[in-house]
Each structure stands twice: as structure tokens, then as C-alpha cells.
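Data file: final14.tsv. Format and content: TSV, C-alpha atoms.
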chain	number	residue	atom	x	y	z
X	1004	MET	CA	-35.15	-91.99	-106.58
X	1005	LYS	CA	-31.47	-91.49	-107.44
X	1006	ARG	CA	-32.31	-88.27	-109.30
X	1007	LYS	CA	-34.20	-86.91	-106.26
X	1008	THR	CA	-31.29	-87.76	-103.96
X	1009	ALA	CA	-28.81	-86.10	-106.31
X	1010	LEU	CA	-31.02	-83.01	-106.55
X	1011	PHE	CA	-31.26	-82.82	-102.75
X	1012	LEU	CA	-27.47	-83.02	-102.41
X	1013	VAL	CA	-26.97	-80.25	-104.98
X	1014	LEU	CA	-29.42	-77.99	-103.13
X	1015	ALA	CA	-27.73	-78.74	-99.78
X	1016	LEU	CA	-24.31	-77.85	-101.19
X	1017	LEU	CA	-25.70	-74.64	-102.67
X	1018	VAL	CA	-27.17	-73.55	-99.33
X	1019	CYS	CA	-23.90	-74.32	-97.54
X	1020	SER	CA	-21.90	-72.34	-100.10
X	1021	ILE	CA	-24.10	-69.30	-99.39
X	1022	LEU	CA	-24.17	-69.54	-95.59
X	1023	VAL	CA	-20.53	-70.33	-94.90
X	1024	PRO	CA	-19.01	-67.21	-96.57
X	1025	ALA	CA	-21.61	-65.00	-94.82
X	1026	THR	CA	-20.69	-66.49	-91.45
X	1027	ALA	CA	-16.99	-66.19	-92.17
X	1028	THR	CA	-17.45	-62.55	-93.16
X	1029	SER	CA	-19.36	-61.82	-89.96
X	1030	GLU	CA	-16.68	-63.48	-87.83
X	1031	ALA	CA	-13.93	-61.62	-89.67
X	1032	ALA	CA	-15.68	-58.29	-89.03
X	1033	SER	CA	-15.94	-59.01	-85.30
X	1034	GLN	CA	-12.20	-59.83	-85.18
X	1035	LYS	CA	-10.99	-56.52	-86.60
X	1036	PRO	CA	-8.57	-54.57	-84.39
X	1037	LYS	CA	-10.32	-52.02	-82.18
X	1038	LEU	CA	-9.57	-49.79	-79.18
X	1039	ASN	CA	-11.00	-50.38	-75.72
X	1040	ILE	CA	-12.40	-46.83	-75.79
X	1041	LYS	CA	-13.10	-44.17	-78.44
X	1042	LYS	CA	-13.77	-41.13	-76.23
X	1043	LEU	CA	-12.23	-40.40	-72.85
X	1044	ASN	CA	-12.45	-37.68	-70.21
X	1045	MET	CA	-9.36	-37.27	-68.02
X	1046	THR	CA	-8.09	-34.88	-65.39
X	1047	VAL	CA	-4.63	-33.34	-65.34
X	1048	GLY	CA	-2.03	-35.76	-63.96
X	1049	ASN	CA	-4.10	-38.92	-64.46
X	1050	ASN	CA	-3.02	-42.00	-66.42
X	1051	PHE	CA	-5.03	-44.38	-68.58
X	1052	ARG	CA	-4.13	-47.62	-70.35
X	1053	LEU	CA	-5.28	-47.67	-73.98
X	1054	ARG	CA	-5.61	-51.19	-75.39
X	1055	VAL	CA	-5.87	-52.61	-78.90
X	1056	TYR	CA	-8.03	-55.71	-79.12
X	1057	ASN	CA	-7.75	-58.40	-81.83
X	1058	LEU	CA	-4.18	-57.48	-82.79
X	1059	LYS	CA	-2.87	-60.38	-84.90
X	1060	LYS	CA	0.63	-61.79	-84.39
X	1061	LYS	CA	2.10	-60.28	-87.56
X	1062	TYR	CA	0.51	-56.89	-86.90
X	1063	LYS	CA	1.68	-53.97	-84.76
X	1064	ALA	CA	0.05	-50.79	-83.47
X	1065	VAL	CA	1.83	-47.47	-84.01
X	1066	TYR	CA	0.66	-44.55	-81.84
X	1067	SER	CA	0.78	-40.81	-82.48
X	1068	VAL	CA	-0.70	-37.82	-80.59
X	1069	SER	CA	-2.18	-34.70	-82.15
X	1070	ASP	CA	-1.08	-32.44	-79.26
X	1071	GLU	CA	1.65	-33.67	-76.92
X	1072	SER	CA	1.30	-30.62	-74.69
X	1073	VAL	CA	-2.06	-32.08	-73.59
X	1074	ILE	CA	-1.46	-35.86	-73.74
X	1075	LYS	CA	1.70	-37.94	-73.90
X	1076	ILE	CA	2.29	-41.65	-74.39
X	1077	GLU	CA	4.37	-42.82	-71.44
X	1078	ASN	CA	5.11	-46.39	-72.54
X	1079	ARG	CA	4.06	-49.00	-75.06
X	1080	ALA	CA	3.80	-52.77	-74.84
X	1081	SER	CA	5.31	-55.18	-77.35
X	1082	ARG	CA	3.78	-54.61	-80.79
X	1083	GLY	CA	1.70	-51.82	-79.25
X	1084	LYS	CA	-1.01	-54.04	-77.75
X	1085	TYR	CA	-1.46	-51.34	-75.14
X	1086	ALA	CA	-0.01	-47.95	-74.27
X	1087	THR	CA	-0.15	-45.88	-71.09
X	1088	ILE	CA	-1.17	-42.27	-71.69
X	1089	LYS	CA	-0.87	-39.36	-69.27
X	1090	ALA	CA	-2.76	-36.05	-69.17
X	1091	TYR	CA	-0.42	-33.05	-68.80
X	1092	SER	CA	-2.57	-29.98	-69.41
X	1093	ILE	CA	-6.15	-28.83	-69.96
X	1094	GLY	CA	-7.35	-29.21	-73.55
X	1095	SER	CA	-8.27	-31.75	-76.20
X	1096	ALA	CA	-6.16	-34.17	-78.20
X	1097	THR	CA	-6.57	-37.19	-80.43
X	1098	ILE	CA	-4.54	-40.37	-80.24
X	1099	ASN	CA	-4.19	-41.98	-83.65
X	1100	VAL	CA	-3.34	-45.67	-83.92
X	1101	ALA	CA	-2.14	-47.16	-87.21
X	1102	ILE	CA	-2.45	-50.95	-87.40
X	1103	LYS	CA	0.40	-52.13	-89.62
X	1104	LYS	CA	1.52	-55.35	-91.22
X	1105	GLY	CA	5.11	-54.65	-92.18
X	1106	LYS	CA	5.05	-51.18	-93.72
X	1107	LYS	CA	1.46	-51.39	-94.93
X	1108	VAL	CA	-1.29	-49.76	-92.88
X	1109	LYS	CA	-4.21	-52.17	-92.57
X	1110	ARG	CA	-6.49	-50.11	-90.32
X	1111	ARG	CA	-6.61	-46.72	-88.59
X	1112	LEU	CA	-8.10	-46.15	-85.14
X	1113	LYS	CA	-8.45	-43.07	-82.98
X	1114	CYS	CA	-9.40	-42.02	-79.46
X	1115	GLN	CA	-10.57	-38.49	-78.69
X	1116	ILE	CA	-9.50	-37.22	-75.28
X	1117	LYS	CA	-10.62	-34.21	-73.28
X	1118	VAL	CA	-8.52	-33.15	-70.29
X	1119	SER	CA	-10.13	-31.06	-67.56
X	1120	PRO	CA	-8.73	-29.59	-64.34
X	1121	VAL	CA	-8.50	-31.65	-61.15
X	1122	GLY	CA	-11.43	-31.33	-58.77
X	1123	VAL	CA	-10.28	-29.40	-55.70
X	1124	SER	CA	-13.47	-29.62	-53.64
X	1125	ILE	CA	-16.67	-31.66	-53.51
X	1126	LYS	CA	-19.93	-31.55	-51.57
X	1127	PHE	CA	-23.36	-33.19	-51.77
X	1128	LEU	CA	-26.28	-31.11	-52.95
X	1129	LYS	CA	-28.37	-32.77	-50.23
X	1130	ARG	CA	-26.64	-33.96	-47.05
X	1131	ASN	CA	-29.62	-35.69	-45.38
X	1132	ILE	CA	-31.80	-38.14	-47.28
X	1133	THR	CA	-34.74	-40.21	-46.04
X	1134	LEU	CA	-35.94	-43.19	-48.06
X	1135	GLN	CA	-38.34	-46.07	-47.63
X	1136	GLU	CA	-37.06	-49.62	-48.05
X	1137	ASN	CA	-36.42	-50.59	-51.70
X	1138	ALA	CA	-36.61	-46.96	-52.87
X	1139	ARG	CA	-33.81	-45.56	-55.04
X	1140	PHE	CA	-32.34	-42.07	-55.15
X	1141	ARG	CA	-29.64	-40.49	-57.34
X	1142	VAL	CA	-27.35	-38.21	-55.36
X	1143	LYS	CA	-25.83	-35.12	-56.93
X	1144	THR	CA	-22.46	-33.63	-56.08
X	1145	ILE	CA	-21.00	-30.19	-56.68
X	1146	ILE	CA	-17.37	-30.28	-57.77
X	1147	LYS	CA	-15.17	-27.21	-58.13
X	1148	PRO	CA	-14.01	-25.99	-60.52
X	1149	ASN	CA	-17.21	-26.63	-62.46
X	1150	THR	CA	-15.15	-27.34	-65.60
X	1151	SER	CA	-13.75	-30.52	-64.02
X	1152	THR	CA	-15.10	-33.75	-65.48
X	1153	GLU	CA	-13.72	-35.87	-62.62
X	1154	GLN	CA	-16.16	-38.44	-61.27
X	1155	PRO	CA	-16.15	-39.25	-57.54
X	1156	ILE	CA	-15.88	-42.72	-56.04
X	1157	TYR	CA	-18.87	-43.57	-53.82
X	1158	GLU	CA	-18.93	-45.78	-50.75
X	1159	SER	CA	-21.49	-46.73	-48.07
X	1160	ASP	CA	-20.39	-47.46	-44.50
X	1161	ASN	CA	-23.46	-49.65	-43.88
X	1162	PRO	CA	-24.47	-51.80	-46.88
X	1163	GLU	CA	-27.19	-53.49	-44.80
X	1164	VAL	CA	-29.02	-50.16	-44.74
X	1165	ALA	CA	-28.08	-48.51	-48.06
X	1166	ILE	CA	-25.82	-49.26	-51.00
X	1167	ILE	CA	-24.64	-46.94	-53.77
X	1168	ASN	CA	-23.32	-47.69	-57.26
X	1169	SER	CA	-20.69	-45.92	-59.36
X	1170	ARG	CA	-23.35	-43.63	-60.90
X	1171	GLY	CA	-24.44	-42.30	-57.50
X	1172	ILE	CA	-27.71	-44.23	-57.24
X	1173	ILE	CA	-28.58	-45.19	-53.67
X	1174	THR	CA	-30.75	-48.25	-53.01
X	1175	ALA	CA	-32.44	-48.44	-49.61
X	1176	VAL	CA	-31.88	-51.98	-48.28
X	1177	GLY	CA	-33.22	-52.01	-44.72
X	1178	PRO	CA	-34.19	-49.71	-41.81
X	1179	GLY	CA	-31.37	-47.78	-40.19
X	1180	THR	CA	-28.78	-45.10	-40.97
X	1181	ALA	CA	-25.83	-45.13	-43.37
X	1182	THR	CA	-23.19	-42.59	-44.32
X	1183	ILE	CA	-22.35	-42.17	-48.01
X	1184	THR	CA	-18.86	-40.89	-48.82
X	1185	ALA	CA	-17.82	-39.38	-52.16
X	1186	THR	CA	-14.07	-39.17	-52.84
X	1187	LEU	CA	-12.09	-37.36	-55.53
X	1188	LEU	CA	-9.11	-39.63	-56.15
X	1189	SER	CA	-6.95	-36.93	-57.73
X	1190	SER	CA	-7.01	-34.60	-54.70
X	1191	ASN	CA	-8.30	-36.99	-52.02
X	1192	GLN	CA	-11.11	-34.56	-51.18
X	1193	THR	CA	-14.23	-36.13	-49.62
X	1194	ALA	CA	-17.84	-35.28	-48.84
X	1195	THR	CA	-20.47	-37.17	-46.85
X	1196	CYS	CA	-24.24	-37.40	-46.64
X	1197	THR	CA	-26.49	-39.30	-44.25
X	1198	VAL	CA	-29.14	-41.73	-45.48
X	1199	THR	CA	-31.99	-42.77	-43.18
X	1200	VAL	CA	-34.06	-45.75	-44.31
X	1201	THR	CA	-37.52	-46.33	-42.89
X	1202	GLU	CA	-39.79	-49.35	-43.14
X	1203	ALA	CA	-41.73	-49.72	-46.36
X	1204	ASN	CA	-45.07	-48.81	-44.76
X	1205	SER	CA	-43.70	-45.64	-43.17
X	1206	GLU	CA	-45.05	-42.29	-44.42
X	1207	ASP	CA	-42.12	-40.27	-43.11
X	1208	SER	CA	-40.19	-39.99	-46.36
X	1209	GLY	CA	-43.01	-39.06	-48.73
X	1210	LEU	CA	-41.21	-41.10	-51.44
X	1211	SER	CA	-42.88	-44.01	-53.20
X	1212	LYS	CA	-41.52	-47.52	-52.72
X	1213	GLY	CA	-39.46	-48.79	-55.63
X	1214	LYS	CA	-39.47	-45.47	-57.46
X	1215	LYS	CA	-36.27	-43.78	-58.66
X	1216	TYR	CA	-35.79	-40.11	-57.78
X	1217	SER	CA	-33.37	-37.55	-59.16
X	1218	MET	CA	-32.34	-34.05	-58.16
X	1219	ALA	CA	-31.21	-31.38	-60.59
X	1220	PRO	CA	-27.60	-30.34	-59.89
X	1221	LYS	CA	-26.81	-26.80	-58.83
X	1222	ILE	CA	-24.78	-24.98	-61.46
X	1223	ILE	CA	-21.73	-23.22	-60.08
X	1224	LYS	CA	-19.72	-20.93	-62.33
X	1225	GLU	CA	-16.20	-20.34	-61.21
X	1226	SER	CA	-13.25	-18.67	-62.90
X	1227	LEU	CA	-10.16	-20.81	-63.41
X	1228	SER	CA	-7.88	-17.85	-62.87
Please go through the file and, once you have read it, give me the structure as C-alpha cells.
Amino acid sequence: MKRKTALFLVLALLVCSILVPATATSEAASQKPKLNIKKLNMTVGNNFRLRVYNLKKKYKAVYSVSDESVIKIENRASRGKYATIKAYSIGSATINVAIKKGKKVKRRLKCQIKVSPVGVSIKFLKRNITLQENARFRVKTIIKPNTSTEQPIYESDNPEVAIINSRGIITAVGPGTATITATLLSSNQTATCTVTVTEANSEDSGLSKGKKYSMAPKIIKESLS
């Protein structure tokens, strides 16, 4: 009996010795310093706060930019836990972050940034939309110049009729009419479209209940000159 008990204890210790290092390794991997974003689209004049997560007390983050004519670092927090970057001109640049302990580099991180021109105008591809209750529809906008990667902010003036998320997907909530507004924050340009929601058994819209619809965007080519 004693031999069986001793054998059981040895096996238990062996299993623990295998599992504990594996768990510790997994936890250590999840705690490595990392950036809050690896790729970013910006428009000229906009700011963004780049953050370093899991930065230990004895570590610091040192930032550098591949092309300061495109992107510049405006300010840095203590030990580089975050830095505010600003887009100055159209182009691409990489922000490199060296995680250091003393003079030794422990880890290297980078964020690739593409800067596009500010959107100067916006309009909806379709200005009048009819949906049945519970149907969904993705609106499309046309932004000039077409090289701008700026994303509009959407808002509904009547959430009891229709709501819209940040990706431009409208959900028909109840019968009535709502106005959807798209705003370009950089230039404060806006566009509106009207959404009419009918009862679920109505045949006016020709769209199936609960189904998601999408429209192909119109491609506009415009010279930047």
C-alpha cells in the first residue's frame, strides 16, 4: 500500500512539473510588449495615440520614424507607454519601437502607416432607401478625392425607426422614416439619405426580412492636381 501511494505521488509530481512550465510559458508569451495597432490609415492633419501594452516597470519604449515628412511623433509619455503621432503629408511611413531594458533591446515593434488626403466632399450612392422591419442594408458613400481613406461617422436621427453602425449597416427597427447622416470629421462635410421602414408583411420594398443587402460603390477617378 505504501509503495502504491509513493508511486502515485511521484506520478503527480511529474505531471505538475510538465504542466506548470507550459502554463508559465504561455502566460509569459501573452505578456510580451505589443502595440495597440500594427497598420493604420490616416488623413493629413489627423492625430493618433499609439500605445505599448505590457511594458514592464524597468523597460522603456524608444520611438523612431522612417519618414518624418509624412509622420511625426508629437509627444511621448513617461517611459514611452504611449506616443501621439500626427500625419503631415500624403505617403507611407513606419514607426519603429524598440523595447529596452537599460541599453539592451529586448523586443522590436513596428506600425505601418499610410496617409491619404482629407476627404473634401461626400455623398450617398443611394439617397432614398425602403426596408421592411428587421431588414439590414449596407449604405455606400462616395468620397472625393477617391484616394482618401477617411471613414465617415454615421448617425440616425430616429433610432426607433432605423439605426446604423460604424460600418454603415442600417438595421430597420420599426415603421416610419429616419434620416441617416454621414460626416467627415476632418472637413466637417456631411451627406444625408432617407430611410423608410415598412411593416414586415409589406411588399413595398421587395427586400426579404432579415436579409443583409449590399450595393457596389461607384468608382470615381479624380486627379489630385
Separation of atom CA of X:Gly1171 from atom CA of X:Ala1194, in Å and rounded to one decimal:
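Computing it gives 13.0 Å between the two atoms.
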For stretch 1042-1049 of chain X, please output as a VMD selection string all residues within 9 Å (counting all atoms listed in the file; exclusion window: fewer than 6 positions along the same chain).
chain X and resid 1073 1088 to 1093 1113 to 1122 1151 to 1153 1189
Go through X:Ala1096, X:Val1055, X:Leu1038, X:Val1108 and flag the residue nearest X:Glu1071, using all atoms listed in the file for the distances.
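Checking each of X:Ala1096, X:Val1055, X:Leu1038, X:Val1108 against X:Glu1071, counting all atoms listed in the file, the winner is X:Ala1096.
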Using only C-alpha atoms: which of X:Ala1064, X:Ala1086, X:Ile1125, X:Ile1074 has the shortest distance to X:Ile1102:
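Smallest separation from X:Ile1102 among the options: X:Ala1064.
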Take atom CA of X:Ser1190 and atom CA of X:Asn1168 and report the distance between them in Å, one decimal.
21.1 Å
Box in all listed atoms of stretch 1114-1121 of chain X, axis-aligned, with 6 Å more on each side; write out centre and edge lengths in Å to one decimal as JSON.
{"center_x": -9.6, "center_y": -35.8, "center_z": -70.3, "size_x": 14.1, "size_y": 24.4, "size_z": 30.3}
When distances are computed from all atoms listed in the file, which of X:Thr1097, X:Thr1144, X:Asn1204, X:Asn1137 shows the smallest separation from X:Leu1187?
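Checking each of X:Thr1097, X:Thr1144, X:Asn1204, X:Asn1137 against X:Leu1187, counting all atoms listed in the file, the winner is X:Thr1144.
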When you draw a straight line from atom CA of X:Lys1143 to atom CA of X:Lys1126, how long is it in Å?
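Distance between the two atoms: 8.7 Å.
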Which polymer residues, whether protein, DNA or RNA, lie within 12 Å of the coordinate (-27.6, -44.9, -61.0) when you count all atoms listed in the file? List them as a PDB file with C-alpha atoms, in the coordinates of the input, using the chain letters and numbers from the file.
ATOM      1  CA  ARG X1139     -33.810 -45.560 -55.040  1.00  0.00           C
ATOM      2  CA  PHE X1140     -32.340 -42.070 -55.150  1.00  0.00           C
ATOM      3  CA  ARG X1141     -29.640 -40.490 -57.340  1.00  0.00           C
ATOM      4  CA  VAL X1142     -27.350 -38.210 -55.360  1.00  0.00           C
ATOM      5  CA  LYS X1143     -25.830 -35.120 -56.930  1.00  0.00           C
ATOM      6  CA  TYR X1157     -18.870 -43.570 -53.820  1.00  0.00           C
ATOM      7  CA  ILE X1166     -25.820 -49.260 -51.000  1.00  0.00           C
ATOM      8  CA  ILE X1167     -24.640 -46.940 -53.770  1.00  0.00           C
ATOM      9  CA  ASN X1168     -23.320 -47.690 -57.260  1.00  0.00           C
ATOM     10  CA  SER X1169     -20.690 -45.920 -59.360  1.00  0.00           C
ATOM     11  CA  ARG X1170     -23.350 -43.630 -60.900  1.00  0.00           C
ATOM     12  CA  GLY X1171     -24.440 -42.300 -57.500  1.00  0.00           C
ATOM     13  CA  ILE X1172     -27.710 -44.230 -57.240  1.00  0.00           C
ATOM     14  CA  ILE X1173     -28.580 -45.190 -53.670  1.00  0.00           C
ATOM     15  CA  THR X1174     -30.750 -48.250 -53.010  1.00  0.00           C
ATOM     16  CA  LYS X1215     -36.270 -43.780 -58.660  1.00  0.00           C
ATOM     17  CA  TYR X1216     -35.790 -40.110 -57.780  1.00  0.00           C
ATOM     18  CA  SER X1217     -33.370 -37.550 -59.160  1.00  0.00           C
TER      19      SER X1217
END
Can you find the residues with an atom no farther than 7 Å from (-22.5, -33.9, -48.0), counting all atoms listed in the file, and report them as a ChimeraX atom specification?
/X:1126-1130,1194-1196
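Proximity to X:Ile1183 was assessed for X:Val1200, X:Val1068, X:Glu1158, X:Val1164 counting all atoms listed in the file; the smallest distance is recorded for X:Glu1158.
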Nearest residue to X:Ser1072 out of X:Lys1059, X:Leu1134, X:Gly1094, X:Arg1110, using all atoms listed in the file?
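Closest residue, counting all atoms listed in the file: X:Gly1094.
Proximity to X:Asn1131 was assessed for X:Asn1039, X:Asn1099, X:Thr1199, X:Ser1067 counting only C-alpha atoms; the smallest distance is recorded for X:Thr1199.
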